[in-house]
>>> print(open('query.pdb').read())   # PDB, C-alpha atoms (C1' of nucleotides)
ATOM      1  CA  MET T   1     -22.931  -2.973  18.742
ATOM      2  CA  SER T   2     -23.885  -3.209  15.094
ATOM      3  CA  LYS T   3     -26.625  -0.997  13.763
ATOM      4  CA  TYR T   4     -29.092  -1.576  10.998
ATOM      5  CA  SER T   5     -28.317  -0.257   7.565
ATOM      6  CA  ARG T   6     -30.382  -0.343   4.428
ATOM      7  CA  GLN T   7     -27.272  -1.161   2.418
ATOM      8  CA  ARG T   8     -26.374  -4.185   4.509
ATOM      9  CA  GLU T   9     -29.913  -5.518   4.372
ATOM     10  CA  ALA T  10     -29.943  -5.119   0.598
ATOM     11  CA  ILE T  11     -26.660  -7.012   0.286
ATOM     12  CA  ARG T  12     -27.909  -9.851   2.478
ATOM     13  CA  ASP T  13     -31.201 -10.044   0.588
ATOM     14  CA  PHE T  14     -29.462  -9.937  -2.763
ATOM     15  CA  LEU T  15     -27.318 -12.942  -1.871
ATOM     16  CA  LYS T  16     -30.137 -14.897  -0.245
ATOM     17  CA  SER T  17     -32.352 -14.399  -3.276
ATOM     18  CA  ARG T  18     -30.066 -16.126  -5.735
ATOM     19  CA  HIS T  19     -28.318 -19.436  -6.069
ATOM     20  CA  ASP T  20     -25.295 -18.397  -8.022
ATOM     21  CA  HIS T  21     -22.075 -17.115  -6.500
ATOM     22  CA  PRO T  22     -21.620 -13.471  -7.391
ATOM     23  CA  THR T  23     -18.452 -11.463  -6.961
ATOM     24  CA  ALA T  24     -18.352  -8.246  -4.930
ATOM     25  CA  GLU T  25     -18.549  -6.336  -8.208
ATOM     26  CA  THR T  26     -21.712  -8.177  -9.236
ATOM     27  CA  VAL T  27     -23.313  -7.539  -5.866
ATOM     28  CA  TYR T  28     -22.373  -3.871  -6.163
ATOM     29  CA  LEU T  29     -23.925  -3.511  -9.613
ATOM     30  CA  GLY T  30     -27.026  -5.413  -8.518
ATOM     31  CA  ILE T  31     -27.643  -3.278  -5.441
ATOM     32  CA  LYS T  32     -26.954  -0.120  -7.435
ATOM     33  CA  GLU T  33     -30.246  -0.652  -9.264
ATOM     34  CA  ASN T  34     -32.110   0.149  -6.040
ATOM     35  CA  ILE T  35     -29.531   2.207  -4.184
ATOM     36  CA  PRO T  36     -27.760   4.107  -6.941
ATOM     37  CA  ASN T  37     -25.176   5.822  -4.775
ATOM     38  CA  ILE T  38     -24.032   2.796  -2.780
ATOM     39  CA  SER T  39     -20.267   2.578  -2.787
ATOM     40  CA  LEU T  40     -18.101  -0.427  -3.555
ATOM     41  CA  GLY T  41     -16.332  -0.049  -0.227
ATOM     42  CA  THR T  42     -19.640  -0.473   1.579
ATOM     43  CA  VAL T  43     -20.252  -3.680  -0.339
ATOM     44  CA  TYR T  44     -16.844  -5.081   0.579
ATOM     45  CA  ARG T  45     -17.138  -4.027   4.218
ATOM     46  CA  ASN T  46     -20.536  -5.667   4.589
ATOM     47  CA  LEU T  47     -19.563  -8.808   2.717
ATOM     48  CA  SER T  48     -16.684  -9.212   5.162
ATOM     49  CA  LEU T  49     -18.891  -8.494   8.144
ATOM     50  CA  LEU T  50     -21.626 -10.888   7.024
ATOM     51  CA  SER T  51     -19.018 -13.586   6.403
ATOM     52  CA  GLU T  52     -17.644 -13.152   9.911
ATOM     53  CA  LEU T  53     -21.148 -13.339  11.337
ATOM     54  CA  GLY T  54     -21.692 -16.553   9.395
ATOM     55  CA  GLU T  55     -24.655 -15.143   7.480
ATOM     56  CA  ILE T  56     -22.977 -15.675   4.125
ATOM     57  CA  ARG T  57     -19.970 -17.592   2.837
ATOM     58  CA  LYS T  58     -16.898 -16.383   1.027
ATOM     59  CA  LEU T  59     -15.463 -18.596  -1.710
ATOM     60  CA  SER T  60     -11.833 -18.243  -2.753
ATOM     61  CA  THR T  61     -11.736 -20.387  -5.838
ATOM     62  CA  GLY T  62      -8.249 -19.632  -7.073
ATOM     63  CA  ILE T  63      -9.767 -18.550 -10.375
ATOM     64  CA  GLY T  64     -10.647 -14.864 -10.494
ATOM     65  CA  PRO T  65     -11.956 -12.763  -7.604
ATOM     66  CA  ASP T  66     -13.591 -14.030  -4.446
ATOM     67  CA  ARG T  67     -17.230 -15.007  -4.674
ATOM     68  CA  TYR T  68     -20.028 -14.901  -2.135
ATOM     69  CA  ASP T  69     -22.708 -17.425  -1.326
ATOM     70  CA  GLY T  70     -25.952 -16.673   0.493
ATOM     71  CA  THR T  71     -26.449 -20.350   1.296
ATOM     72  CA  VAL T  72     -24.683 -21.201   4.509
ATOM     73  CA  ALA T  73     -26.022 -24.734   4.869
ATOM     74  CA  PRO T  74     -23.060 -27.056   4.236
ATOM     75  CA  HIS T  75     -22.636 -27.907   0.582
ATOM     76  CA  TYR T  76     -19.875 -28.178  -1.976
ATOM     77  CA  HIS T  77     -18.883 -26.322  -5.110
ATOM     78  CA  PHE T  78     -17.851 -27.196  -8.610
ATOM     79  CA  ILE T  79     -15.580 -24.862 -10.555
ATOM     80  CA  CYS T  80     -15.323 -25.121 -14.327
ATOM     81  CA  LYS T  81     -11.711 -25.033 -15.525
ATOM     82  CA  LYS T  82     -12.888 -23.798 -18.891
ATOM     83  CA  CYS T  83     -15.308 -20.954 -18.202
ATOM     84  CA  GLY T  84     -14.665 -20.391 -14.486
ATOM     85  CA  CYS T  85     -18.308 -20.701 -13.478
ATOM     86  CA  VAL T  86     -19.164 -21.926  -9.986
ATOM     87  CA  LEU T  87     -21.992 -24.389  -9.415
ATOM     88  CA  ASP T  88     -23.542 -25.943  -6.340
ATOM     89  CA  LEU T  89     -23.205 -29.682  -6.004
ATOM     90  CA  LYS T  90     -26.043 -31.684  -4.553
ATOM     91  CA  MET T  91     -24.109 -34.082  -2.407
ATOM     92  CA  ASN T  92     -24.015 -35.198   1.194
ATOM     93  CA  ASP T  93     -21.743 -33.874   3.886
ATOM     94  CA  MET T  94     -18.269 -35.321   4.018
ATOM     95  CA  ASP T  95     -17.614 -34.820   7.708
ATOM     96  CA  HIS T  96     -15.782 -38.130   7.728
ATOM     97  CA  ILE T  97     -12.854 -36.583   5.881
ATOM     98  CA  ASN T  98     -12.079 -34.387   8.899
ATOM     99  CA  VAL T  99     -11.416 -37.585  10.807
ATOM    100  CA  LEU T 100      -9.157 -38.872   8.031
ATOM    101  CA  ALA T 101      -7.232 -35.618   8.090
ATOM    102  CA  ALA T 102      -6.907 -35.566  11.865
ATOM    103  CA  GLN T 103      -5.197 -38.954  11.959
ATOM    104  CA  GLY T 104      -1.537 -38.420  12.641
ATOM    105  CA  PHE T 105      -1.957 -34.646  12.931
ATOM    106  CA  ASN T 106      -1.239 -32.850  16.191
ATOM    107  CA  GLY T 107      -3.347 -29.779  15.523
ATOM    108  CA  GLU T 108      -7.093 -29.324  15.765
ATOM    109  CA  ILE T 109      -9.218 -29.715  12.653
ATOM    110  CA  ASP T 110     -12.646 -28.178  12.766
ATOM    111  CA  GLY T 111     -13.608 -27.944   9.146
ATOM    112  CA  HIS T 112     -12.707 -28.195   5.511
ATOM    113  CA  ILE T 113     -13.367 -26.616   2.187
ATOM    114  CA  ALA T 114     -13.455 -28.729  -0.949
ATOM    115  CA  TYR T 115     -13.719 -27.547  -4.526
ATOM    116  CA  PHE T 116     -14.312 -29.923  -7.364
ATOM    117  CA  TYR T 117     -12.847 -29.090 -10.752
ATOM    118  CA  GLY T 118     -13.654 -30.150 -14.280
ATOM    119  CA  ASN T 119     -15.873 -29.147 -17.165
ATOM    120  CA  CYS T 120     -19.351 -27.788 -16.551
ATOM    121  CA  PRO T 121     -22.330 -29.177 -18.514
ATOM    122  CA  ASP T 122     -22.374 -26.177 -20.870
ATOM    123  CA  CYS T 123     -18.671 -26.406 -21.723
ATOM    124  CA  LEU T 124     -18.958 -30.150 -22.240
ATOM    125  CA  LYS T 125     -21.738 -29.585 -24.750
ATOM    126  CA  GLU T 126     -19.727 -26.948 -26.564
ATOM    127  CA  ARG T 127     -16.726 -29.238 -26.806
ATOM    128  CA  LYS T 128     -18.810 -31.821 -28.631
ATOM    129  CA  ASN T 129     -19.952 -29.229 -31.152
ATOM    130  CA  VAL T 130     -16.412 -28.245 -32.209
TER     131      VAL T 130
ATOM    132  CA  MET J   1       9.470 -24.162 -27.587
ATOM    133  CA  SER J   2      10.671 -23.320 -24.120
ATOM    134  CA  LYS J   3      14.326 -22.571 -23.549
ATOM    135  CA  TYR J   4      16.464 -23.170 -20.525
ATOM    136  CA  SER J   5      16.929 -20.354 -18.069
ATOM    137  CA  ARG J   6      19.031 -20.207 -14.944
ATOM    138  CA  GLN J   7      16.251 -18.322 -13.164
ATOM    139  CA  ARG J   8      13.612 -20.948 -13.899
ATOM    140  CA  GLU J   9      15.882 -23.744 -12.767
ATOM    141  CA  ALA J  10      16.628 -21.895  -9.540
ATOM    142  CA  ILE J  11      12.898 -21.401  -8.870
ATOM    143  CA  ARG J  12      12.153 -25.074  -9.499
ATOM    144  CA  ASP J  13      15.057 -26.187  -7.292
ATOM    145  CA  PHE J  14      14.100 -23.773  -4.554
ATOM    146  CA  LEU J  15      10.606 -25.214  -4.334
ATOM    147  CA  LYS J  16      11.688 -28.833  -4.632
ATOM    148  CA  SER J  17      14.232 -28.385  -1.842
ATOM    149  CA  ARG J  18      11.740 -27.388   0.829
ATOM    150  CA  HIS J  19       8.563 -28.747   2.298
ATOM    151  CA  ASP J  20       6.856 -25.547   3.248
ATOM    152  CA  HIS J  21       4.630 -23.508   0.943
ATOM    153  CA  PRO J  22       6.297 -20.227   0.114
ATOM    154  CA  THR J  23       4.633 -17.246  -1.492
ATOM    155  CA  ALA J  24       5.962 -15.688  -4.704
ATOM    156  CA  GLU J  25       7.581 -13.017  -2.544
ATOM    157  CA  THR J  26       9.411 -15.611  -0.442
ATOM    158  CA  VAL J  27      10.617 -17.419  -3.553
ATOM    159  CA  TYR J  28      11.820 -14.095  -4.948
ATOM    160  CA  LEU J  29      13.782 -13.221  -1.808
ATOM    161  CA  GLY J  30      15.218 -16.728  -1.594
ATOM    162  CA  ILE J  31      16.452 -16.776  -5.194
ATOM    163  CA  LYS J  32      17.817 -13.251  -4.808
ATOM    164  CA  GLU J  33      20.550 -14.629  -2.552
ATOM    165  CA  ASN J  34      22.094 -16.390  -5.546
ATOM    166  CA  ILE J  35      20.781 -14.273  -8.407
ATOM    167  CA  PRO J  36      20.674 -10.772  -6.940
ATOM    168  CA  ASN J  37      19.129  -9.040  -9.924
ATOM    169  CA  ILE J  38      16.314 -11.504 -10.594
ATOM    170  CA  SER J  39      13.046  -9.641 -10.969
ATOM    171  CA  LEU J  40       9.754 -10.367  -9.269
ATOM    172  CA  GLY J  41       8.034 -10.562 -12.658
ATOM    173  CA  THR J  42      10.318 -13.394 -13.662
ATOM    174  CA  VAL J  43       9.376 -15.265 -10.511
ATOM    175  CA  TYR J  44       5.657 -14.857 -11.178
ATOM    176  CA  ARG J  45       5.993 -15.785 -14.847
ATOM    177  CA  ASN J  46       7.908 -18.943 -14.048
ATOM    178  CA  LEU J  47       5.676 -19.958 -11.164
ATOM    179  CA  SER J  48       2.727 -19.744 -13.563
ATOM    180  CA  LEU J  49       4.569 -21.652 -16.262
ATOM    181  CA  LEU J  50       5.739 -24.396 -13.903
ATOM    182  CA  SER J  51       2.198 -24.738 -12.539
ATOM    183  CA  GLU J  52       0.822 -25.146 -16.035
ATOM    184  CA  LEU J  53       3.463 -27.764 -16.796
ATOM    185  CA  GLY J  54       2.467 -29.595 -13.621
ATOM    186  CA  GLU J  55       5.941 -29.332 -12.128
ATOM    187  CA  ILE J  56       4.700 -27.415  -9.111
ATOM    188  CA  ARG J  57       1.337 -26.683  -7.507
ATOM    189  CA  LYS J  58      -0.341 -23.395  -6.780
ATOM    190  CA  LEU J  59      -2.344 -23.092  -3.565
ATOM    191  CA  SER J  60      -5.064 -20.459  -3.214
ATOM    192  CA  THR J  61      -5.861 -20.694   0.451
ATOM    193  CA  GLY J  62      -8.222 -17.760   0.794
ATOM    194  CA  ILE J  63      -5.953 -16.380   3.512
ATOM    195  CA  GLY J  64      -3.237 -14.108   2.135
ATOM    196  CA  PRO J  65      -1.434 -14.472  -1.182
ATOM    197  CA  ASP J  66      -1.144 -17.607  -3.277
ATOM    198  CA  ARG J  67       1.419 -20.154  -2.205
ATOM    199  CA  TYR J  68       3.469 -22.641  -4.176
ATOM    200  CA  ASP J  69       4.274 -26.252  -3.504
ATOM    201  CA  GLY J  70       7.152 -28.205  -5.040
ATOM    202  CA  THR J  71       5.520 -31.507  -4.146
ATOM    203  CA  VAL J  72       3.145 -32.545  -6.895
ATOM    204  CA  ALA J  73       2.337 -35.994  -5.533
ATOM    205  CA  PRO J  74      -1.267 -35.838  -4.350
ATOM    206  CA  HIS J  75      -1.585 -34.698  -0.753
ATOM    207  CA  TYR J  76      -3.711 -32.345   1.303
ATOM    208  CA  HIS J  77      -3.144 -29.158   3.205
ATOM    209  CA  PHE J  78      -4.009 -27.762   6.570
ATOM    210  CA  ILE J  79      -4.424 -24.013   7.057
ATOM    211  CA  CYS J  80      -4.300 -22.485  10.522
ATOM    212  CA  LYS J  81      -7.113 -19.996  11.084
ATOM    213  CA  LYS J  82      -5.041 -18.288  13.746
ATOM    214  CA  CYS J  83      -1.588 -17.783  12.233
ATOM    215  CA  GLY J  84      -2.300 -18.588   8.587
ATOM    216  CA  CYS J  85       0.454 -21.198   8.284
ATOM    217  CA  VAL J  86       0.058 -24.010   5.764
ATOM    218  CA  LEU J  87       1.053 -27.572   6.658
ATOM    219  CA  ASP J  88       1.123 -30.836   4.753
ATOM    220  CA  LEU J  89      -1.208 -33.541   5.990
ATOM    221  CA  LYS J  90      -0.092 -37.133   5.907
ATOM    222  CA  MET J  91      -3.261 -38.760   4.719
ATOM    223  CA  ASN J  92      -4.410 -41.030   1.965
ATOM    224  CA  ASP J  93      -5.944 -39.993  -1.300
ATOM    225  CA  MET J  94      -9.643 -39.268  -1.260
ATOM    226  CA  ASP J  95     -10.404 -40.118  -4.869
ATOM    227  CA  HIS J  96     -13.709 -41.561  -3.737
ATOM    228  CA  ILE J  97     -15.091 -38.080  -3.107
ATOM    229  CA  ASN J  98     -14.951 -37.330  -6.842
ATOM    230  CA  VAL J  99     -17.455 -40.132  -7.290
ATOM    231  CA  LEU J 100     -19.682 -38.697  -4.555
ATOM    232  CA  ALA J 101     -19.549 -35.303  -6.231
ATOM    233  CA  ALA J 102     -20.289 -36.683  -9.683
ATOM    234  CA  GLN J 103     -23.542 -38.302  -8.558
ATOM    235  CA  GLY J 104     -26.404 -36.248  -9.901
ATOM    236  CA  PHE J 105     -24.076 -33.826 -11.672
ATOM    237  CA  ASN J 106     -24.135 -33.485 -15.441
ATOM    238  CA  GLY J 107     -20.638 -32.076 -15.864
ATOM    239  CA  GLU J 108     -17.314 -33.846 -15.784
ATOM    240  CA  ILE J 109     -15.346 -33.946 -12.551
ATOM    241  CA  ASP J 110     -11.677 -34.702 -12.854
ATOM    242  CA  GLY J 111     -10.277 -33.523  -9.584
ATOM    243  CA  HIS J 112     -10.685 -31.707  -6.332
ATOM    244  CA  ILE J 113      -8.852 -29.514  -3.927
ATOM    245  CA  ALA J 114      -9.506 -29.776  -0.213
ATOM    246  CA  TYR J 115      -8.188 -27.540   2.515
ATOM    247  CA  PHE J 116      -8.605 -28.400   6.163
ATOM    248  CA  TYR J 117      -8.935 -25.575   8.659
ATOM    249  CA  GLY J 118      -8.388 -25.302  12.386
ATOM    250  CA  ASN J 119      -5.614 -24.531  14.823
ATOM    251  CA  CYS J 120      -2.063 -25.648  14.165
ATOM    252  CA  PRO J 121      -0.064 -27.441  16.885
ATOM    253  CA  ASP J 122       1.878 -24.268  17.753
ATOM    254  CA  CYS J 123      -1.221 -22.093  18.112
ATOM    255  CA  LEU J 124      -2.926 -24.789  20.220
ATOM    256  CA  LYS J 125       0.018 -24.794  22.592
ATOM    257  CA  GLU J 126      -0.032 -21.021  22.848
ATOM    258  CA  ARG J 127      -3.719 -20.993  23.645
ATOM    259  CA  LYS J 128      -3.127 -23.260  26.642
ATOM    260  CA  ASN J 129      -0.463 -20.887  27.958
ATOM    261  CA  VAL J 130      -2.786 -17.877  28.062
TER     262      VAL J 130
ATOM    263  C1'  DT D   1      32.190 -20.142 -34.170
ATOM    264  C1'  DT D   2      29.552 -16.792 -36.253
ATOM    265  C1'  DT D   3      24.596 -15.889 -37.530
ATOM    266  C1'  DC D   4      20.155 -15.442 -36.368
ATOM    267  C1'  DA D   5      15.433 -16.330 -34.803
ATOM    268  C1'  DT D   6      13.232 -17.167 -30.665
ATOM    269  C1'  DA D   7      12.585 -17.133 -25.866
ATOM    270  C1'  DA D   8      13.633 -15.175 -21.506
ATOM    271  C1'  DT D   9      15.002 -11.499 -18.815
ATOM    272  C1'  DA D  10      15.152  -6.961 -15.810
ATOM    273  C1'  DA D  11      12.982  -2.971 -15.000
ATOM    274  C1'  DT D  12       9.059  -0.658 -14.893
ATOM    275  C1'  DA D  13       4.308   0.504 -15.701
ATOM    276  C1'  DA D  14      -0.281  -0.907 -15.399
ATOM    277  C1'  DC D  15      -3.998  -3.357 -13.642
ATOM    278  C1'  DT D  16      -7.380  -5.866 -10.472
ATOM    279  C1'  DA D  17      -9.147  -6.773  -6.235
ATOM    280  C1'  DT D  18      -9.430  -5.148  -1.841
ATOM    281  C1'  DT D  19      -8.751  -2.204   2.282
ATOM    282  C1'  DA D  20      -8.115   2.283   4.655
ATOM    283  C1'  DC D  21      -9.239   7.095   5.468
ATOM    284  C1'  DT D  22     -12.251  10.976   6.351
ATOM    285  C1'  DA D  23     -15.898  14.032   6.435
ATOM    286  C1'  DT D  24     -20.805  13.456   6.537
ATOM    287  C1'  DT D  25     -25.059  10.986   7.449
ATOM    288  C1'  DT D  26     -27.862   7.521   9.777
ATOM    289  C1'  DT D  27     -29.291   4.907  13.616
ATOM    290  C1'  DA D  28     -31.224   4.213  18.018
ATOM    291  C1'  DA D  29     -30.858   4.943  22.856
ATOM    292  C1'  DT D  30     -31.787   8.589  26.210
TER     293       DT D  30
ATOM    294  C1'  DA K   1     -34.872  16.701  20.475
ATOM    295  C1'  DT K   2     -30.061  15.389  21.814
ATOM    296  C1'  DT K   3     -26.320  12.799  21.261
ATOM    297  C1'  DA K   4     -22.860   9.023  20.908
ATOM    298  C1'  DA K   5     -21.882   5.249  18.147
ATOM    299  C1'  DA K   6     -21.929   3.137  13.831
ATOM    300  C1'  DA K   7     -22.360   3.290   8.940
ATOM    301  C1'  DT K   8     -21.952   5.579   4.799
ATOM    302  C1'  DA K   9     -20.088   7.745   0.165
ATOM    303  C1'  DG K  10     -16.325   9.133  -1.973
ATOM    304  C1'  DT K  11     -11.741   8.807  -2.508
ATOM    305  C1'  DA K  12      -6.997   7.440  -1.768
ATOM    306  C1'  DA K  13      -3.969   3.837  -0.881
ATOM    307  C1'  DT K  14      -2.362  -0.809  -0.869
ATOM    308  C1'  DA K  15      -1.295  -5.795  -2.119
ATOM    309  C1'  DG K  16      -0.752  -8.996  -5.350
ATOM    310  C1'  DT K  17      -0.211  -9.940  -9.930
ATOM    311  C1'  DT K  18       0.146  -9.252 -15.003
ATOM    312  C1'  DA K  19       1.671  -6.638 -19.131
ATOM    313  C1'  DT K  20       5.068  -3.899 -21.782
ATOM    314  C1'  DT K  21       9.469  -3.050 -23.710
ATOM    315  C1'  DA K  22      14.148  -2.756 -24.634
ATOM    316  C1'  DT K  23      17.958  -5.830 -23.855
ATOM    317  C1'  DT K  24      20.205 -10.311 -23.150
ATOM    318  C1'  DA K  25      20.614 -15.377 -23.346
ATOM    319  C1'  DT K  26      19.751 -19.680 -25.667
ATOM    320  C1'  DG K  27      20.438 -23.037 -29.079
ATOM    321  C1'  DA K  28      19.775 -24.519 -33.872
ATOM    322  C1'  DA K  29      21.635 -23.918 -38.403
ATOM    323  C1'  DA K  30      25.013 -22.122 -41.557
TER     324       DA K  30
END
>>> encode(input="query.pdb", output="structure tokens")
Amino acid sequence: MSKYSRQREAIRDFLKSRHDHPTAETVYLGIKENIPNISLGTVYRNLSLLSELGEIRKLSTGIGPDRYDGTVAPHYHFICKKCGCVLDLKMNDMDHINVLAAQGFNGEIDGHIAYFYGNCPDCLKERKNV
Amino acid sequence: MSKYSRQREAIRDFLKSRHDHPTAETVYLGIKENIPNISLGTVYRNLSLLSELGEIRKLSTGIGPDRYDGTVAPHYHFICKKCGCVLDLKMNDMDHINVLAAQGFNGEIDGHIAYFYGNCPDCLKERKNV
DNA sequence: TTTCATAATAATAACTATTACTATTTTAAT
DNA sequence: ATTAAAATAGTAATAGTTATTATTATGAAA
């Protein structure tokens, strides 16, 4: 049902090749280097599609626009309250918290998203210099 | 520095009086019943202010617009993937996960937000009826 | 109890992020 | 090669939110 497109492949590759968490705008500008006439709508459409297919992850951090993550293996994110950057955390799965949440709840829980907030290493350093 | 306003009080009271998680639009329409000429901008400005003051909480669920919560005591939320509703979960604090996250991380972690996803009781029931 | 500086407001415009529309192009099966 | 389906570029439209501005409300001081 879904056909190959150079644009979609470029978007997937772009995300898989980096470990940060770019916004749609950043992806757009990045792809533009190789495919100058790609349109922003194409980027959004494919980011949505790839998210639905589970090939990438969408992060709604509550600070600024949505971000996208080429790493789908379960992991958690840190968001700096100061500069808004998003970092991967190297920590184990917390599947046990689904069980905690399900206790005394009549619905069905099949997953969770957790964001950790605070000050990133760079902002911490800067604070000491002031 | 900040002066009393009838509108702000009404917004605070509105949120404290209910246990759901209304959007700015819902708050606006609710307050309008008593203060017909309140403006949407005023609602947004005060929701932001009250969040900053810690009197209410803002929820960015990743599904639809931001929501607001009059309950500031720590608790967690469930978001239905089917209907998008947001429910409170009756579960204990998970402060221990901050410690897990901080291991091997050079920044400072002072909090987290966790959303649990799945099917709400109502949507589960509906699914069985199909 | 008026005066006055400050803060808040209503109304509206502007902006950001995202989605929808449409004519054209690409893909891939026949 | 033909052709139907899917994807695209370019653009318009939308949703949610923030900014601007002239006016009004608040509350401290005279």
>>> residues_around(input="query.pdb", residues="DG10 (chain K)", least_positions_apart="5", cutoff="12 Å", atoms="all atoms listed in the file", output="list in words")
Asn37, Ile38, Ser39, Leu40, Gly41 and Thr42 of chain T; DC21, DT22, DA23 and DT24 of chain D
>>> interface_residues(input="query.pdb", of="chain T", to="chain D", cutoff="12 Å", atoms="all atoms listed in the file", output="PyMOL selection string")
chain T and resi 1-7+23-25+40-45+47-48+64-67
>>> atom_distance(input="query.pdb", atom1="CA of Ser51 (chain T)", atom2="CA of Tyr28 (chain T)")
16.2 Å
>>> interface_residues(input="query.pdb", of="chain K", to="chain J", cutoff="9 Å", atoms="only C-alpha atoms (C1' of nucleotides)", output="VMD selection string")
chain K and resid 15 to 18 25 to 27
>>> resolve_selection(input="query.pdb", expression="the PyMOL selection byres ((chain J) within 6 of (chain T))", output="tab-separated table (two decimals) with C-alpha atoms, in the coordinates of the input")
chain	number	residue	atom	x	y	z
J	60	SER	CA	-5.06	-20.46	-3.21
J	62	GLY	CA	-8.22	-17.76	0.79
J	106	ASN	CA	-24.14	-33.48	-15.44
J	107	GLY	CA	-20.64	-32.08	-15.86
J	108	GLU	CA	-17.31	-33.85	-15.78
J	109	ILE	CA	-15.35	-33.95	-12.55
J	110	ASP	CA	-11.68	-34.70	-12.85
J	111	GLY	CA	-10.28	-33.52	-9.58
J	112	HIS	CA	-10.68	-31.71	-6.33
J	113	ILE	CA	-8.85	-29.51	-3.93
J	114	ALA	CA	-9.51	-29.78	-0.21
J	115	TYR	CA	-8.19	-27.54	2.52
J	116	PHE	CA	-8.60	-28.40	6.16
J	117	TYR	CA	-8.94	-25.58	8.66
J	118	GLY	CA	-8.39	-25.30	12.39
J	119	ASN	CA	-5.61	-24.53	14.82
J	120	CYS	CA	-2.06	-25.65	14.16
J	121	PRO	CA	-0.06	-27.44	16.89
>>> atom_distance(input="query.pdb", atom1="CA of Glu55 (chain J)", atom2="CA of Pro22 (chain J)")
15.3 Å
>>> atom_distance(input="query.pdb", atom1="CA of Gly84 (chain J)", atom2="CA of His75 (chain T)")
23.8 Å
>>> axis_aligned_box(input="query.pdb", around="region 46-58 of chain T", padding_each_side="3 Å", output="lines of an AutoDock Vina configuration file")
center_x = -20.7
center_y = -11.6
center_z = 6.2
size_x = 14.0
size_y = 17.9
size_z = 16.3
>>> closest_residue(input="query.pdb", among="T:Glu33, T:Glu9, T:Glu126, T:Asp20", to="Tyr68 (chain T)", atoms="all atoms listed in the file")
T:Asp20
